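Working notes for the structure below.
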Amino acid sequence: MNLTREFLYQKYIHDKKSLKEIAEETGLPITTIKSRLRRFGIRKKPIKLGNEIYDNRDWLYEEYIVKRKGYTVLANELGVSYSTILDRILFFGWELRGHNEIDKGAPRRGTKHTPVSIERIKSTRIKKRVYFECFQCAQTTERVRSGYSRSGKKFCTYTCYKNYLKENRVETIDITDSALYKEWRKKVYARDNFRCKMPGCNSNSRDIAAHHIYPKKLFPEKQFLLNNGITLCKNCHEKTYGKESNFIDALVRVVQTMND
């Protein structure tokens with residue numbers, strides 16, 4: 001919808017509608033209505049000019065019209081908000097220039113580090129870096145300590161990581177639809193009385209799964225052994241994702257206890 005000055009003046013000043021009501025009527029965000037009102041200089045309360053330099057019509061005319069400075073540049077020079085200068089420009093009835101037609105001033109630059117701070121940063125970065133040997137190519141490389149400690153196996157590049165996966169990939173077959181798997185799952189559920197057997201879990205949830213204690217990818221010969229299965233609820237089963245080796249000892253002891 002094309003928001004004209006006449007339309008907004010009629011709704012906001014004459015009809016005394018709020019920004020929310022105008023936004024609902026036009027289907028536009030409140031921020032859009034607010035910015036257009038400001039751009040057209042439509043205000044319910046008129047600006048009260050004071051004794052500041054930007055309240056001087058002649059001075060502002062010289063800076064904005066003659067020298068063609070942007071209102072953001074003037075605001076930065078005077079240390080005030082850009083809306084303060086913008087309101088005065090609209091109050092005096094001057095047309096706002098396009099974004100490409102104004103002098104935006106010199107770009108802002110961050111504070112430069114002192115020589116002392118640069119040396120401190122360098123020494124800190126050195127302390128936080130570690131050297132290690134690549135798990136794939138055995139090449140010595142360095143890395144930030146935090147990133148090094150998070151990863152399990154250490155690789156110098158992503159290429160080495162992909163090559164490692166290719167060389168150590170274990171091909172698996174989906175067995176969930178096989179008769180052997182379904183029979184194995186029934187036996188595991190029946191032995192565990194259809195209850196989660198994770199130590200410390202007291203869940204009575206019926207949303208359960210037959211979990212392989214020794215991962216079937218690494219131990220395919222054990223995938224249909226009854227003692228390699230245990231019943232876990234959904235939450236406990238999700239905890240083992242990617243961390244199967246951390247639960248092997250505890251779950252093996254649970255199965256041994258049930259067999260005894």
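Letters A, B, ... mark the chains of the structure tokens in the order given; residue numbers begin at 1 per chain; ligand numbers begin at 1, in order shown.
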Open item on the list: Taking 4 positions as the minimum chain separation for residues in the same chain, which residues sit within 12 Å of Thr32 of chain A when counting only C-alpha atoms? Answer as an NGL selection string.
Closed with: :A and (1-3 or 8 or 19-20 or 22-24 or 26-28 or 36-39)
If you keep N, CA, C and O atoms, can you produce a file of those selected residues as a short mmCIF file (atom, residue, chain, number, x, y, z; two decimals), in the first residue's frame?
data_model
loop_
_atom_site.label_atom_id
_atom_site.label_comp_id
_atom_site.auth_asym_id
_atom_site.auth_seq_id
_atom_site.Cartn_x
_atom_site.Cartn_y
_atom_site.Cartn_z
N MET A 1 0.85 -1.20 0.00
CA MET A 1 0.00 0.00 0.00
C MET A 1 0.88 1.24 0.00
O MET A 1 1.87 1.31 0.73
N ASN A 2 0.51 2.23 -0.82
CA ASN A 2 1.28 3.47 -0.92
C ASN A 2 0.83 4.44 0.18
O ASN A 2 -0.29 4.96 0.15
N LEU A 3 1.70 4.68 1.15
CA LEU A 3 1.38 5.57 2.26
C LEU A 3 1.74 7.00 1.87
O LEU A 3 2.91 7.36 1.83
N LEU A 8 -1.81 9.58 5.81
CA LEU A 8 -1.36 9.45 7.20
C LEU A 8 -1.81 10.64 8.04
O LEU A 8 -2.15 10.48 9.22
N LEU A 19 -1.06 4.28 16.22
CA LEU A 19 -0.19 3.59 15.27
C LEU A 19 -0.65 2.16 15.05
O LEU A 19 -0.60 1.64 13.93
N LYS A 20 -1.11 1.52 16.12
CA LYS A 20 -1.57 0.13 16.01
C LYS A 20 -2.80 0.03 15.12
O LYS A 20 -2.91 -0.89 14.29
N ILE A 22 -3.70 2.11 12.70
CA ILE A 22 -3.33 2.37 11.30
C ILE A 22 -2.62 1.15 10.71
O ILE A 22 -2.83 0.79 9.55
N ALA A 23 -1.77 0.51 11.52
CA ALA A 23 -1.06 -0.68 11.04
C ALA A 23 -2.02 -1.81 10.72
O ALA A 23 -1.87 -2.51 9.72
N GLU A 24 -3.04 -2.00 11.57
CA GLU A 24 -4.02 -3.05 11.31
C GLU A 24 -4.85 -2.74 10.07
O GLU A 24 -5.21 -3.64 9.31
N THR A 26 -3.90 -0.92 7.42
CA THR A 26 -3.08 -0.98 6.20
C THR A 26 -2.40 -2.33 6.02
O THR A 26 -1.91 -2.64 4.92
N GLY A 27 -2.33 -3.13 7.09
CA GLY A 27 -1.64 -4.42 7.01
C GLY A 27 -0.13 -4.29 7.01
O GLY A 27 0.56 -5.21 6.55
N LEU A 28 0.38 -3.19 7.52
CA LEU A 28 1.83 -2.94 7.56
C LEU A 28 2.31 -2.95 9.00
O LEU A 28 1.53 -2.72 9.93
N ARG A 36 7.31 6.36 8.48
CA ARG A 36 6.71 7.24 7.47
C ARG A 36 6.18 8.53 8.12
O ARG A 36 6.29 9.61 7.54
N LEU A 37 5.61 8.42 9.30
CA LEU A 37 5.15 9.63 10.00
C LEU A 37 6.31 10.57 10.28
O LEU A 37 6.20 11.79 10.11
N ARG A 38 7.42 9.99 10.69
CA ARG A 38 8.60 10.80 10.97
C ARG A 38 9.13 11.43 9.69
O ARG A 38 9.52 12.60 9.67
N ARG A 39 9.14 10.65 8.62
CA ARG A 39 9.67 11.16 7.35
C ARG A 39 8.81 12.30 6.79
O ARG A 39 9.33 13.24 6.20
#
TODO: Pick out the residues sitting within 9 Å of segment 74-84 of chain A, and hand them over as a PyMOL selection string; count only C-alpha atoms, and ignore anything fewer than 3 positions along from it in its own chain.
DONE: chain A and resi 38+53-54+63-64+69-71+87-89
Let me see the file: selected residues, C-alpha atoms, as a PDB file, in the first residue's frame.
ATOM      1  CA  ARG A  38       8.596  10.805  10.972  1.00  0.00           C
ATOM      2  CA  ILE A  53      22.619  25.563  17.445  1.00  0.00           C
ATOM      3  CA  TYR A  54      20.561  23.006  15.537  1.00  0.00           C
ATOM      4  CA  GLU A  63      24.770  23.079   6.685  1.00  0.00           C
ATOM      5  CA  TYR A  64      22.011  20.926   5.206  1.00  0.00           C
ATOM      6  CA  LYS A  69      25.583  17.546   4.660  1.00  0.00           C
ATOM      7  CA  GLY A  70      23.520  14.558   5.703  1.00  0.00           C
ATOM      8  CA  TYR A  71      21.511  14.692   8.902  1.00  0.00           C
ATOM      9  CA  ASP A  87      12.829  16.469  13.124  1.00  0.00           C
ATOM     10  CA  ARG A  88      14.180  20.008  12.637  1.00  0.00           C
ATOM     11  CA  ILE A  89      14.623  19.490   8.899  1.00  0.00           C
TER      12      ILE A  89
END
TODO: For Cys137 of chain A, list every protein, DNA or RNA residue within 12 Å, evaluated using only C-alpha atoms, and leave out those in the same chain fewer than 5 positions away; present the list as a list of chain:residue names.
DONE: A:Phe132, A:Lys154, A:Phe155, A:Cys156, A:Thr157, A:Tyr158, A:Thr159, A:Cys160, A:Tyr161, A:Lys162, A:Asn163, A:Tyr164
Write the residues of the selection above to a file with C-alpha atoms, as a compact mmCIF listing (two decimals), in the first residue's frame.
# COMPACT_ATOMS: atom_id res chain seq x y z
CA PHE A 132 49.30 -32.39 17.84
CA LYS A 154 42.55 -35.07 15.75
CA PHE A 155 42.91 -34.24 12.06
CA CYS A 156 44.93 -31.46 10.44
CA THR A 157 42.43 -30.85 7.61
CA TYR A 158 38.92 -31.83 6.63
CA THR A 159 40.39 -33.85 3.75
CA CYS A 160 42.24 -36.07 6.22
CA TYR A 161 39.02 -36.51 8.16
CA LYS A 162 37.12 -37.61 5.04
CA ASN A 163 39.91 -39.98 4.02
CA TYR A 164 39.86 -41.53 7.48
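We find atom CA of Gly93 of chain A and atom CA of Phe7 of chain A to be spaced 18.3 Å apart.
If you look at atom CA of Glu95 of chain A and atom CA of Gly41 of chain A, they are 10.1 Å away from each other.
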Open item on the list: Give me, as a count of residues only, the residues of segment 8-100 of chain A that a backbone DSSP run labels helix (DSSP H, G or I).
Closed with: 59
Task: Of the listed residues A:Leu165, A:Asn228, A:Phe91, A:Ile175, that which approaches Leu49 of chain A most closely, counting only C-alpha atoms - done: A:Phe91
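With only C-alpha atoms as the atoms that count, the minimum distance from Glu244 of chain A to the choices A:Lys166, A:Lys182, A:Ile47, A:Lys216 is reached by A:Lys216.
For the residues A:Ala190, A:Leu232, A:Leu251, A:Leu225, ranking by smallest atom-to-atom distance to Ala210 of chain A using only C-alpha atoms places A:Leu232 first.
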